[in-house]
Structures are given as structure tokens and as C-alpha cells.
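Participant: So here's protein-v6.cif (mmCIF, C-alpha atoms and all ligand atoms).
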```cif
data_upload
#
loop_
_atom_site.label_atom_id
_atom_site.label_comp_id
_atom_site.auth_asym_id
_atom_site.auth_seq_id
_atom_site.Cartn_x
_atom_site.Cartn_y
_atom_site.Cartn_z
CA MET A 59 -18.28 -25.96 13.28
CA ASP A 60 -16.58 -22.63 13.41
CA ARG A 61 -13.10 -22.39 11.97
CA TYR A 62 -11.98 -20.18 14.86
CA PRO A 63 -13.07 -19.42 18.39
CA PHE A 64 -13.05 -15.73 17.41
CA PRO A 65 -15.89 -13.66 16.01
CA ILE A 66 -15.12 -10.65 13.81
CA PRO A 67 -13.23 -8.07 15.90
CA PHE A 68 -14.39 -4.47 16.15
CA GLY A 69 -12.28 -1.52 15.06
CA TRP A 70 -11.38 0.77 12.20
CA PHE A 71 -10.78 -1.16 8.98
CA HIS A 72 -9.44 -0.28 5.57
CA VAL A 73 -12.23 -0.64 3.00
CA GLY A 74 -10.57 0.94 -0.01
CA TYR A 75 -8.39 3.67 -1.43
CA PRO A 76 -9.78 7.18 -2.01
CA GLU A 77 -9.84 6.72 -5.79
CA ASP A 78 -11.93 3.55 -5.42
CA PHE A 79 -14.87 5.77 -4.54
CA ALA A 80 -15.71 8.25 -7.28
CA VAL A 81 -17.92 11.23 -6.48
CA GLY A 82 -21.52 10.37 -7.31
CA ALA A 83 -20.96 6.62 -7.60
CA ALA A 84 -22.07 3.63 -5.52
CA LYS A 85 -20.36 0.24 -5.44
CA PRO A 86 -20.74 -3.05 -3.60
CA LEU A 87 -18.31 -4.15 -0.89
CA TYR A 88 -18.18 -7.30 1.21
CA TYR A 89 -16.48 -7.06 4.60
CA PHE A 90 -17.28 -8.06 8.20
CA GLY A 91 -19.40 -10.92 6.83
CA ARG A 92 -21.82 -8.31 5.48
CA HIS A 93 -22.95 -7.05 2.12
CA LEU A 94 -22.23 -3.33 2.02
CA VAL A 95 -22.62 -0.38 -0.26
CA ALA A 96 -19.99 2.34 -0.49
CA TRP A 97 -20.73 5.67 -2.15
CA ARG A 98 -19.31 9.16 -2.30
CA ASP A 99 -21.75 12.04 -2.16
CA ALA A 100 -21.69 15.22 -4.24
CA GLU A 101 -19.79 17.03 -1.47
CA GLY A 102 -17.04 14.40 -1.57
CA ALA A 103 -17.86 12.57 1.66
CA PRO A 104 -17.55 8.77 1.52
CA HIS A 105 -20.25 6.55 3.07
CA VAL A 106 -20.41 2.86 3.91
CA GLN A 107 -23.80 1.34 4.67
CA ASP A 108 -25.58 -1.98 4.76
CA ALA A 109 -26.34 -2.95 1.19
CA PHE A 110 -29.93 -4.11 1.31
CA CYS A 111 -32.70 -1.60 0.92
CA PRO A 112 -35.12 -1.96 3.86
CA HIS A 113 -38.07 -1.72 1.44
CA LEU A 114 -37.74 -5.02 -0.43
CA GLY A 115 -34.09 -5.89 -0.23
CA ALA A 116 -32.46 -4.59 -3.41
CA HIS A 117 -28.65 -4.28 -3.21
CA LEU A 118 -27.87 -0.57 -3.32
CA GLY A 119 -24.38 -1.27 -4.65
CA HIS A 120 -25.75 -2.91 -7.77
CA GLY A 121 -27.53 -0.16 -9.63
CA GLY A 122 -28.03 2.31 -6.80
CA THR A 123 -27.40 5.91 -7.87
CA VAL A 124 -26.13 8.91 -5.96
CA GLU A 125 -28.09 12.14 -6.19
CA GLY A 126 -26.57 15.01 -4.23
CA CYS A 127 -26.03 13.62 -0.76
CA GLU A 128 -28.51 10.77 -1.06
CA ILE A 129 -28.38 7.25 -2.43
CA VAL A 130 -31.33 6.10 -4.52
CA CYS A 131 -32.43 2.47 -4.68
CA PRO A 132 -32.55 0.90 -8.17
CA PHE A 133 -35.71 -1.10 -7.41
CA HIS A 134 -38.41 1.47 -6.49
CA GLY A 135 -36.49 4.72 -6.05
CA TRP A 136 -36.49 5.09 -2.29
CA ARG A 137 -33.85 7.58 -1.10
CA PHE A 138 -31.55 7.45 1.90
CA ASP A 139 -29.12 9.97 3.33
CA GLY A 140 -25.62 9.47 4.71
CA GLU A 141 -27.04 8.76 8.17
CA GLY A 142 -29.21 5.99 6.76
CA ALA A 143 -32.55 7.79 7.12
CA ASN A 144 -35.22 7.34 4.46
CA THR A 145 -35.58 10.78 2.91
CA GLY A 146 -38.02 10.12 0.10
CA ILE A 147 -40.34 7.61 -1.54
CA PRO A 148 -41.28 8.71 -5.06
CA TYR A 149 -44.85 7.38 -4.93
CA SER A 150 -45.69 8.30 -1.33
CA ASP A 151 -46.12 11.60 0.49
CA ARG A 152 -44.57 10.22 3.65
CA THR A 153 -41.16 8.71 4.31
CA ASN A 154 -40.78 5.52 6.35
CA ARG A 155 -39.07 6.38 9.61
CA LYS A 156 -38.47 2.74 10.51
CA ALA A 157 -36.74 2.02 7.22
CA ARG A 158 -33.12 2.81 8.09
CA LEU A 159 -29.88 1.70 6.51
CA GLY A 160 -27.21 0.47 8.92
CA THR A 161 -24.43 3.05 8.64
CA TYR A 162 -20.71 2.72 9.43
CA PRO A 163 -18.62 5.73 10.45
CA VAL A 164 -16.01 6.47 7.77
CA VAL A 165 -12.81 8.51 7.75
CA GLU A 166 -10.39 9.19 4.95
CA ARG A 167 -6.88 9.45 6.38
CA ASN A 168 -3.27 8.49 5.52
CA GLY A 169 -4.41 7.77 1.97
CA LEU A 170 -6.96 5.16 3.04
CA VAL A 171 -10.71 5.03 3.44
CA MET A 172 -11.48 3.39 6.76
CA ALA A 173 -14.79 2.27 8.21
CA TRP A 174 -15.62 1.55 11.84
CA TYR A 175 -17.14 -1.87 12.41
CA HIS A 176 -18.75 -2.97 15.65
CA PRO A 177 -21.15 -5.96 15.69
CA SER A 178 -23.78 -4.09 17.70
CA GLY A 179 -23.21 -0.68 16.16
CA GLU A 180 -21.30 0.94 19.05
CA PRO A 181 -19.71 4.26 18.01
CA PRO A 182 -15.92 4.49 17.50
CA MET A 183 -13.89 3.93 20.65
CA TRP A 184 -10.67 5.44 19.32
CA GLU A 185 -9.55 7.65 16.46
CA VAL A 186 -7.60 6.76 13.36
CA PRO A 187 -4.18 8.37 13.92
CA GLU A 188 -2.54 10.69 11.45
CA VAL A 189 0.78 9.05 10.42
CA ALA A 190 3.36 11.73 9.62
CA GLU A 191 5.36 9.65 7.14
CA LEU A 192 2.21 8.84 5.18
CA GLY A 193 1.33 12.50 4.84
CA ASP A 194 3.01 15.19 2.83
CA HIS A 195 6.50 14.20 4.00
CA PRO A 196 9.38 15.62 1.94
CA ASP A 197 11.88 12.87 2.87
CA PHE A 198 9.76 9.92 1.82
CA SER A 199 9.02 8.36 -1.57
CA THR A 200 5.58 7.95 -3.07
CA VAL A 201 3.50 5.06 -1.75
CA VAL A 202 3.96 1.51 -3.02
CA ARG A 203 0.91 -0.67 -2.36
CA THR A 204 0.55 -4.44 -2.13
CA GLY A 205 -2.39 -6.56 -1.06
CA TYR A 206 -3.37 -10.14 -0.25
CA ARG A 207 -6.42 -12.17 0.51
CA ILE A 208 -5.63 -14.69 3.23
CA ASP A 209 -7.84 -17.55 4.36
CA ALA A 210 -7.18 -16.95 8.04
CA CYS A 211 -8.55 -14.65 10.71
CA TRP A 212 -6.88 -11.47 11.89
CA GLN A 213 -5.69 -12.84 15.21
CA GLU A 214 -3.85 -15.78 13.70
CA MET A 215 -1.92 -13.53 11.34
CA ALA A 216 -1.26 -10.81 13.90
CA GLU A 217 0.07 -13.36 16.37
CA THR A 218 2.92 -14.06 13.97
CA GLY A 219 4.08 -10.51 14.67
CA VAL A 220 5.16 -11.53 18.16
CA ASP A 221 6.49 -14.90 16.98
CA SER A 222 10.20 -14.18 16.74
CA ALA A 223 11.31 -17.80 16.27
CA HIS A 224 9.38 -18.28 13.02
CA PHE A 225 11.58 -15.80 11.13
CA ARG A 226 14.47 -18.21 11.16
CA PHE A 227 12.44 -21.24 10.13
CA VAL A 228 9.84 -19.83 7.78
CA HIS A 229 11.79 -16.93 6.31
CA ASN A 230 15.34 -18.27 6.57
CA THR A 231 16.59 -15.08 8.18
CA ALA A 232 20.15 -15.21 9.49
CA SER A 233 19.00 -14.63 13.04
CA VAL A 234 15.93 -14.41 15.21
CA PRO A 235 14.80 -10.85 15.88
CA GLU A 236 15.18 -9.75 19.45
CA ILE A 237 12.00 -8.32 20.93
CA GLU A 238 13.22 -5.49 23.14
CA SER A 239 9.80 -4.51 24.39
CA TYR A 240 6.16 -5.29 23.84
CA VAL A 241 3.76 -2.92 25.52
CA THR A 242 -0.02 -2.96 25.31
CA ASP A 243 -2.02 0.08 26.31
CA GLY A 244 -5.78 0.02 25.84
CA TYR A 245 -6.54 -0.43 22.14
CA GLU A 246 -2.91 0.13 21.16
CA SER A 247 0.14 -2.10 21.21
CA ASP A 248 3.77 -1.32 20.60
CA MET A 249 6.62 -3.66 19.82
CA ARG A 250 10.29 -2.73 19.44
CA SER A 251 12.69 -5.23 17.98
CA SER A 252 16.13 -5.45 16.46
CA GLN A 253 17.26 -7.85 13.83
CA LYS A 254 20.39 -8.66 11.84
CA PHE A 255 19.95 -8.64 8.07
CA PRO A 256 22.39 -10.33 5.72
CA THR A 257 23.33 -8.04 2.84
CA PRO A 258 25.89 -8.41 0.04
CA ARG A 259 28.11 -6.09 2.11
CA GLY A 260 27.83 -8.14 5.29
CA VAL A 261 25.40 -8.39 8.15
CA MET A 262 23.55 -5.21 8.96
CA GLU A 263 21.85 -4.23 12.20
CA GLY A 264 18.23 -3.35 11.60
CA ARG A 265 15.12 -2.44 13.54
CA ILE A 266 11.45 -3.33 13.19
CA ASP A 267 9.16 -1.27 15.39
CA THR A 268 5.42 -1.82 15.17
CA HIS A 269 2.58 0.19 16.61
CA ALA A 270 -1.00 -1.05 16.28
CA TRP A 271 -4.27 0.79 16.74
CA GLY A 272 -6.76 -2.03 17.18
CA PRO A 273 -6.89 -5.01 14.84
CA GLY A 274 -7.21 -3.08 11.58
CA LEU A 275 -4.27 -0.72 11.41
CA SER A 276 -0.62 -0.83 12.30
CA VAL A 277 2.45 1.07 11.28
CA VAL A 278 5.74 -0.75 10.92
CA TRP A 279 8.97 1.26 10.88
CA PHE A 280 11.94 -0.59 9.41
CA SER A 281 15.44 0.78 9.57
CA GLY A 282 18.77 -0.60 8.50
CA ILE A 283 18.96 -1.32 4.78
CA ILE A 284 16.47 1.39 3.90
CA ASP A 285 14.28 3.41 6.26
CA THR A 286 10.79 2.30 5.44
CA VAL A 287 7.38 2.89 6.86
CA ASN A 288 4.62 0.39 6.16
CA LEU A 289 1.05 1.27 6.93
CA ALA A 290 -0.34 -2.25 7.23
CA THR A 291 -4.05 -2.97 7.34
CA THR A 292 -6.11 -6.08 7.92
CA THR A 293 -9.81 -6.12 7.12
CA PRO A 294 -12.00 -9.10 7.99
CA ILE A 295 -13.92 -10.34 4.95
CA ASP A 296 -15.71 -12.63 7.38
CA ALA A 297 -14.68 -14.54 10.51
CA GLU A 298 -12.35 -16.81 8.49
CA ARG A 299 -10.83 -14.60 5.82
CA CYS A 300 -9.01 -11.29 5.67
CA GLU A 301 -7.74 -8.77 3.24
CA VAL A 302 -4.24 -7.56 4.10
CA ARG A 303 -2.82 -4.44 2.51
CA PHE A 304 0.55 -2.76 2.79
CA ASN A 305 1.41 0.84 1.99
CA PHE A 306 5.16 1.40 1.86
CA ARG A 307 7.08 4.64 1.75
CA PHE A 308 10.87 4.79 1.70
CA ARG A 309 13.19 7.48 2.96
CA THR A 310 14.76 8.86 -0.17
CA MET A 311 18.40 7.84 -0.57
CA GLY A 312 20.62 9.40 -3.21
CA ASP A 313 18.65 9.77 -6.40
CA GLU A 314 15.14 8.69 -7.18
CA ALA A 315 16.21 5.61 -9.15
CA THR A 316 18.27 4.24 -6.23
CA THR A 317 15.38 4.72 -3.80
CA ALA A 318 13.00 3.03 -6.24
CA ASN A 319 15.37 0.08 -6.77
CA VAL A 320 16.09 -0.54 -3.11
CA GLY A 321 12.41 0.01 -2.34
CA ARG A 322 11.41 -2.55 -4.97
CA ALA A 323 13.79 -5.11 -3.49
CA PHE A 324 12.40 -4.42 -0.03
CA VAL A 325 8.79 -4.87 -1.16
CA ALA A 326 9.78 -8.10 -2.92
CA GLU A 327 11.31 -9.42 0.30
CA VAL A 328 8.17 -8.60 2.33
CA ASP A 329 6.06 -10.15 -0.42
CA LYS A 330 8.18 -13.30 -0.28
CA GLN A 331 7.69 -13.45 3.49
CA VAL A 332 3.90 -13.18 3.16
CA GLN A 333 3.92 -16.00 0.60
CA GLU A 334 5.99 -18.07 3.05
CA ASP A 335 3.65 -17.35 5.95
CA ARG A 336 0.46 -17.91 3.98
CA PRO A 337 0.39 -21.75 3.94
CA ILE A 338 1.24 -21.78 7.64
CA TRP A 339 -1.62 -19.41 8.47
CA GLU A 340 -4.13 -21.09 6.21
CA HIS A 341 -3.43 -24.66 7.28
CA LYS A 342 -2.59 -24.22 10.96
CA ALA A 343 -4.95 -25.06 13.80
CA HIS A 344 -5.63 -22.46 16.42
CA LEU A 345 -4.49 -23.96 19.71
CA VAL A 346 -6.21 -22.56 22.76
CA ARG A 347 -3.29 -23.80 24.90
CA PRO A 348 -0.09 -23.73 22.87
CA ALA A 349 3.02 -25.43 24.28
CA LEU A 350 5.55 -22.61 24.54
CA ALA A 351 9.30 -22.55 25.09
CA ASP A 352 11.67 -20.03 26.66
CA HIS A 353 12.36 -17.24 24.15
CA ASP A 354 9.06 -17.70 22.35
CA GLY A 355 7.55 -14.24 21.93
CA PRO A 356 4.95 -12.61 24.20
CA PHE A 357 2.04 -14.76 22.99
CA THR A 358 0.03 -14.62 26.20
CA LYS A 359 0.22 -10.86 26.35
CA PHE A 360 -0.72 -10.57 22.69
CA ARG A 361 -3.73 -12.86 23.13
CA LYS A 362 -4.94 -10.94 26.15
CA TRP A 363 -4.71 -7.67 24.18
CA ALA A 364 -6.47 -9.22 21.17
CA SER A 365 -9.32 -10.62 23.25
CA GLN A 366 -10.71 -7.15 24.03
CA PHE A 367 -11.81 -6.67 20.41
CA TYR A 368 -14.41 -9.44 20.48
CA ALA A 369 -17.61 -7.81 21.66
CA GLU A 370 -19.50 -11.12 21.51
CA GLY A 371 -16.83 -13.00 23.47
CA THR A 372 -14.93 -15.97 22.07
CA ALA A 373 -15.87 -19.59 21.41
CA ALA A 374 -19.38 -19.19 22.78
CA GLY A 375 -20.43 -22.73 23.81
CA ASP A 376 -17.43 -24.28 22.06
CA GLU A 377 -15.29 -26.35 24.42
CA ARG A 378 -12.65 -27.33 21.84
CA LEU A 379 -8.98 -26.65 22.51
CA VAL A 380 -7.97 -27.25 18.89
CA PHE A 381 -9.60 -25.39 15.98
CA PRO A 382 -8.45 -27.03 12.74
CA PRO A 383 -9.02 -25.74 9.21
CA PRO A 384 -11.61 -27.44 7.01
CA TYR A 385 -10.51 -30.28 4.75
CA TRP A 386 -9.59 -28.52 1.52
CA GLU A 387 -9.35 -31.40 -0.90
CA ASP A 388 -7.86 -29.30 -3.68
CA ARG A 389 -5.17 -27.83 -1.44
CA MET A 390 -3.46 -30.97 -0.12
CA ASP A 391 -0.16 -30.22 -1.85
CA GLU A 392 0.40 -26.77 -0.36
CA VAL A 393 3.58 -26.58 1.70
CA PRO A 394 5.52 -23.67 3.14
CA ALA A 395 8.58 -22.59 1.18
CA LYS A 396 10.94 -23.83 3.90
CA ALA A 397 9.62 -27.39 3.68
CA THR A 398 10.15 -27.30 -0.08
CA ALA A 399 13.74 -26.16 0.40
CA SER A 400 14.64 -28.90 2.88
CA ALA A 401 12.99 -31.53 0.70
CA ARG A 402 15.28 -30.36 -2.09
CA ASN A 403 18.33 -30.54 0.19
CA ALA A 404 17.44 -34.07 1.23
CA ASP A 405 17.35 -35.22 -2.37
CA PRO A 406 20.51 -37.33 -2.85
CA GLY A 407 20.41 -36.66 -6.59
S1 LIG B 1 -36.24 -2.35 -2.68
FE1 LIG B 1 -35.36 -0.42 -2.55
S2 LIG B 1 -36.94 0.90 -3.10
FE2 LIG B 1 -37.86 -1.04 -3.13
FE FE B 2 6.29 -14.28 8.90
#
```
What's the C-alpha cells form of this structure?

Facilitator:
Amino acid sequence: MDRYPFPIPFGWFHVGYPEDFAVGAAKPLYYFGRHLVAWRDAEGAPHVQDAFCPHLGAHLGHGGTVEGCEIVCPFHGWRFDGEGANTGIPYSDRTNRKARLGTYPVVERNGLVMAWYHPSGEPPMWEVPEVAELGDHPDFSTVVRTGYRIDACWQEMAETGVDSAHFRFVHNTASVPEIESYVTDGYESDMRSSQKFPTPRGVMEGRIDTHAWGPGLSVVWFSGIIDTVNLATTTPIDAERCEVRFNFRFRTMGDEATTANVGRAFVAEVDKQVQEDRPIWEHKAHLVRPALADHDGPFTKFRKWASQFYAEGTAAGDERLVFPPPYWEDRMDEVPAKATASARNADPG
């Protein structure tokens, strides 16, 4: 039985950093439940294609070579161009017009390589935005990157973004953030919120504003302790697992060392929050009809927005209202950090 009612969503997804793809090299990737090959041609353009050679199925990411603007199969030397067309067979005068490699549109922007995934190969429906703070911005620090592999689907993790009440209980924040607005507009969504942060010098008023472009890319602007921009990406490995990556830049404050120190503390706090969320995400059931209370976040609106990214529809033929995780025998002792803390408090010793 499927772990989730959701198939893999379509959109632009982060598949690597520019330096992961050297000119003239091919490498294997696995995203969207598919074996892929990524390569950068002699002119510097990155390509992402289905991995298996249509001739006899060799994996082009394991031994495939790049010659000029073509990738060459390691098995019998067939050649393919960046559009996926067969451009040469070393022992035949003719190419095979039917032998095509599935090809994913790719852009390199904001310091990321992003590929467009759609289950039936529809062309991109929106563009990857240019984020000013991630560009050549004089007021912001260099990028600090973090990344996680989470055994949960995109929607379950993204839903936590509108879940204001969990901050208090999972992350022990002093207060619940106040969602001032949550607006969805086509493939984009925008949330503005304010939150009080405890600091050694007292409680500080902060903001977290998030703009998403489809399921794969969002930008989070934090202000208060340190102005920070986080380019956050989620890439489905398959329908049950994701790779999450953060790219932080901090508005420079005072000298470089101060910015780096405060930035490091900020990244550590976000990292701690991900580690606190992780067991919740990985062990929770997806409830088709959650029981909500006043002041819960805009879950219904979020779910409606999210549903547009499933080209195959959701839960085809599955009538369940509860989608539990599998029984992971070796993971029975995993508990969220909060539960650990209260267990410690309850200890009379
Ligand atoms: S399998 Fe690729 S050329 Fe034969
Ligand atoms: Fe969280």
C-alpha cells in the first residue's frame, strides 16, 4: 500500500550545485523515482536525462562520457544530444530516430541547478525566479548550505510551514508565530508571519516571510536577530522521500566575524528545528480529514494549493482516510526532542 495518497508533484527541483557538474563529465542521479544522468557539455550547459540507454539499457551515468555536446554510452558507443536525440551509432550508417532519451529542462540560477519534472513530460509551467539576495548582493554574506534526507513526502513537510502551533510544542519557542496573511496565487504562495524570539537581551520581535514557487523552491526571509534569507529547496527522491536543502545568506552586521558567528548560531537553530521536526514527519500518518482547532494555521488552503501539483490526481482508488508509515522495526525508539525533554522533567530523580 502506498505510504501517501500523493504521487510525486511536478515543478522545478534542485538537483545539485553548479560545481557538482563538471564540464565534460556525466554522473548518476536518482530523483522523482527515476534513475537519471546529469552531464555538462563542452559549452557549459548542464543536462538531466533518463539514465538508461534506449539501445540495451546501460546506465549513462556509470561510465558514459561527454564528447562536445553529446553523451556517449559506455556499452556500445551510441551518442545522444542534449535534446535526447540519437546522433550517432559507431557501427551503423543510420541513427535510430525512435531511440530517444527522456530529457528534463534545466536551469542554473541562484547558485542552484534545477530540473523541471512533470510525470508526463509537460513543458515548464512557470519560471525559476531570480532571487536578488542570492545574487551578487553587496549587503549579504556568502552562502551557507545545509541539507537533509527526510523519509517523508514534500506535502507533509511543507504543511508544517502553515502549522503555527507546532513551534511551541516541537521547538519550544516562547510563543506561537502569528500568521498575518497566507495568500495563494496560481503556482505561488506567500505567507507573512511575526514571531517573538527569546534572546539573552530579552524578547525580540521577528518576522518570517515565505514565498514559494511550486513545491520545489521557496525563499524564507527572517528578520529580527539577524536579517537572513534562506533559499529552501525540496526535491522528491521518490513518492516517500525527499532531499531538503537550505542556502542561507546573512545581512552583514559589523565585521565579518560577527556576521559569521551570528549566522552560525542561526543555522544551528534551524538545524535543531529540522532535527526536532524529523521524527514527527517520518512517523506521522497523513490524515485526509484532520481534526482542527481555532487558531490552527490555514491547512485547508495549503492543501488546496498543494493539490494542483499532482498531475495524476491523488489516492487513485485508495479510499483510506489514514495513511500510516510502514512498520520500521529498527526505528521504534525514535522520539521527538520535546518528548525526551518532558520525560526528563517527569523523572523524580
Ligand atoms: S546500451 Fe547504450 S549503446 Fe548499447
Ligand atoms: Fe518545525

Participant: Please identify all protein, DNA and RNA residues within 6 Å of ligand LIG 1 (chain B), counting all atoms listed in the file, and report them as a list of chain:residue names.

Facilitator: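 Checked against 6 Å with all atoms listed in the file; the hits are A:Cys111, A:His113, A:Leu114, A:Gly115, A:Ala116, A:Cys131, A:Phe133, A:His134, A:Gly135, A:Trp136.
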
Participant: Could you write out the selected residues, including C-alpha atoms, as a JSON list (two decimals), in the frame of the given file?

Facilitator:
```json
[["chain", "number", "residue", "atom", "x", "y", "z"],
["A", 111, "CYS", "CA", -32.70, -1.60, 0.92],
["A", 113, "HIS", "CA", -38.07, -1.72, 1.44],
["A", 114, "LEU", "CA", -37.74, -5.02, -0.43],
["A", 115, "GLY", "CA", -34.09, -5.89, -0.23],
["A", 116, "ALA", "CA", -32.46, -4.59, -3.41],
["A", 131, "CYS", "CA", -32.43, 2.47, -4.68],
["A", 133, "PHE", "CA", -35.71, -1.10, -7.41],
["A", 134, "HIS", "CA", -38.41, 1.47, -6.49],
["A", 135, "GLY", "CA", -36.49, 4.72, -6.05],
["A", 136, "TRP", "CA", -36.49, 5.09, -2.29]]
```

Participant: Chain A near ligand FE 2 (chain B) within 12 Å: what's each residue's closest atom pair and its distance in Å to one decimal, counting all atoms listed in the file, ordered by chain then ascending residue number, as CSV?

Facilitator:
```
residue,atom,partner,partner_atom,distance
A:Glu214,CA,B:FE2,FE,11.3
A:Met215,CA,B:FE2,FE,8.6
A:Ala216,CA,B:FE2,FE,9.7
A:Glu217,CA,B:FE2,FE,9.8
A:Thr218,CA,B:FE2,FE,6.1
A:Gly219,CA,B:FE2,FE,7.2
A:Val220,CA,B:FE2,FE,9.7
A:Asp221,CA,B:FE2,FE,8.1
A:Ser222,CA,B:FE2,FE,8.8
A:Ala223,CA,B:FE2,FE,9.6
A:His224,CA,B:FE2,FE,6.5
A:Phe225,CA,B:FE2,FE,5.9
A:Arg226,CA,B:FE2,FE,9.4
A:Phe227,CA,B:FE2,FE,9.4
A:Val228,CA,B:FE2,FE,6.7
A:His229,CA,B:FE2,FE,6.6
A:Asn230,CA,B:FE2,FE,10.2
A:Thr231,CA,B:FE2,FE,10.4
A:Val234,CA,B:FE2,FE,11.5
A:Pro235,CA,B:FE2,FE,11.5
A:Glu327,CA,B:FE2,FE,11.1
A:Val328,CA,B:FE2,FE,8.9
A:Asp329,CA,B:FE2,FE,10.2
A:Lys330,CA,B:FE2,FE,9.4
A:Gln331,CA,B:FE2,FE,5.6
A:Val332,CA,B:FE2,FE,6.3
A:Gln333,CA,B:FE2,FE,8.8
A:Glu334,CA,B:FE2,FE,7.0
A:Asp335,CA,B:FE2,FE,5.0
A:Arg336,CA,B:FE2,FE,8.4
A:Pro337,CA,B:FE2,FE,10.7
A:Ile338,CA,B:FE2,FE,9.1
A:Trp339,CA,B:FE2,FE,9.4
A:Pro394,CA,B:FE2,FE,11.0
A:Ala395,CA,B:FE2,FE,11.6
A:Lys396,CA,B:FE2,FE,11.7
```

Participant: Between atom CA of A:Val261 and atom CA of A:Val393, what distance in Å does the model show, to one decimal?

Facilitator: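 Computing the Euclidean distance for atom CA of A:Val261 and atom CA of A:Val393 yields 29.1 Å.
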
Participant: With distances taken over all atoms listed in the file, which residue among A:Arg92, A:Lys362, A:His72, A:Arg155 lies nearest A:Pro112?

Facilitator: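 Checking each of A:Arg92, A:Lys362, A:His72, A:Arg155 against A:Pro112, counting all atoms listed in the file, the winner is A:Arg155.
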
Participant: Nearest to A:Pro187: which of A:Gly321, A:Gly74, A:Pro384, A:Gly272 is it, counting all atoms listed in the file?

Facilitator: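 Once distances to A:Pro187 are computed over all atoms listed in the file, the minimum belongs to A:Gly272.
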
Participant: Tell me which protein, DNA and RNA residues are within 10 Å of A:Ala100, counting all atoms listed in the file, leaving out same-chain ones fewer than 2 positions away, and put them as number ranges by chain.

Facilitator: A: 80-83, 97-98, 102-104, 124-128
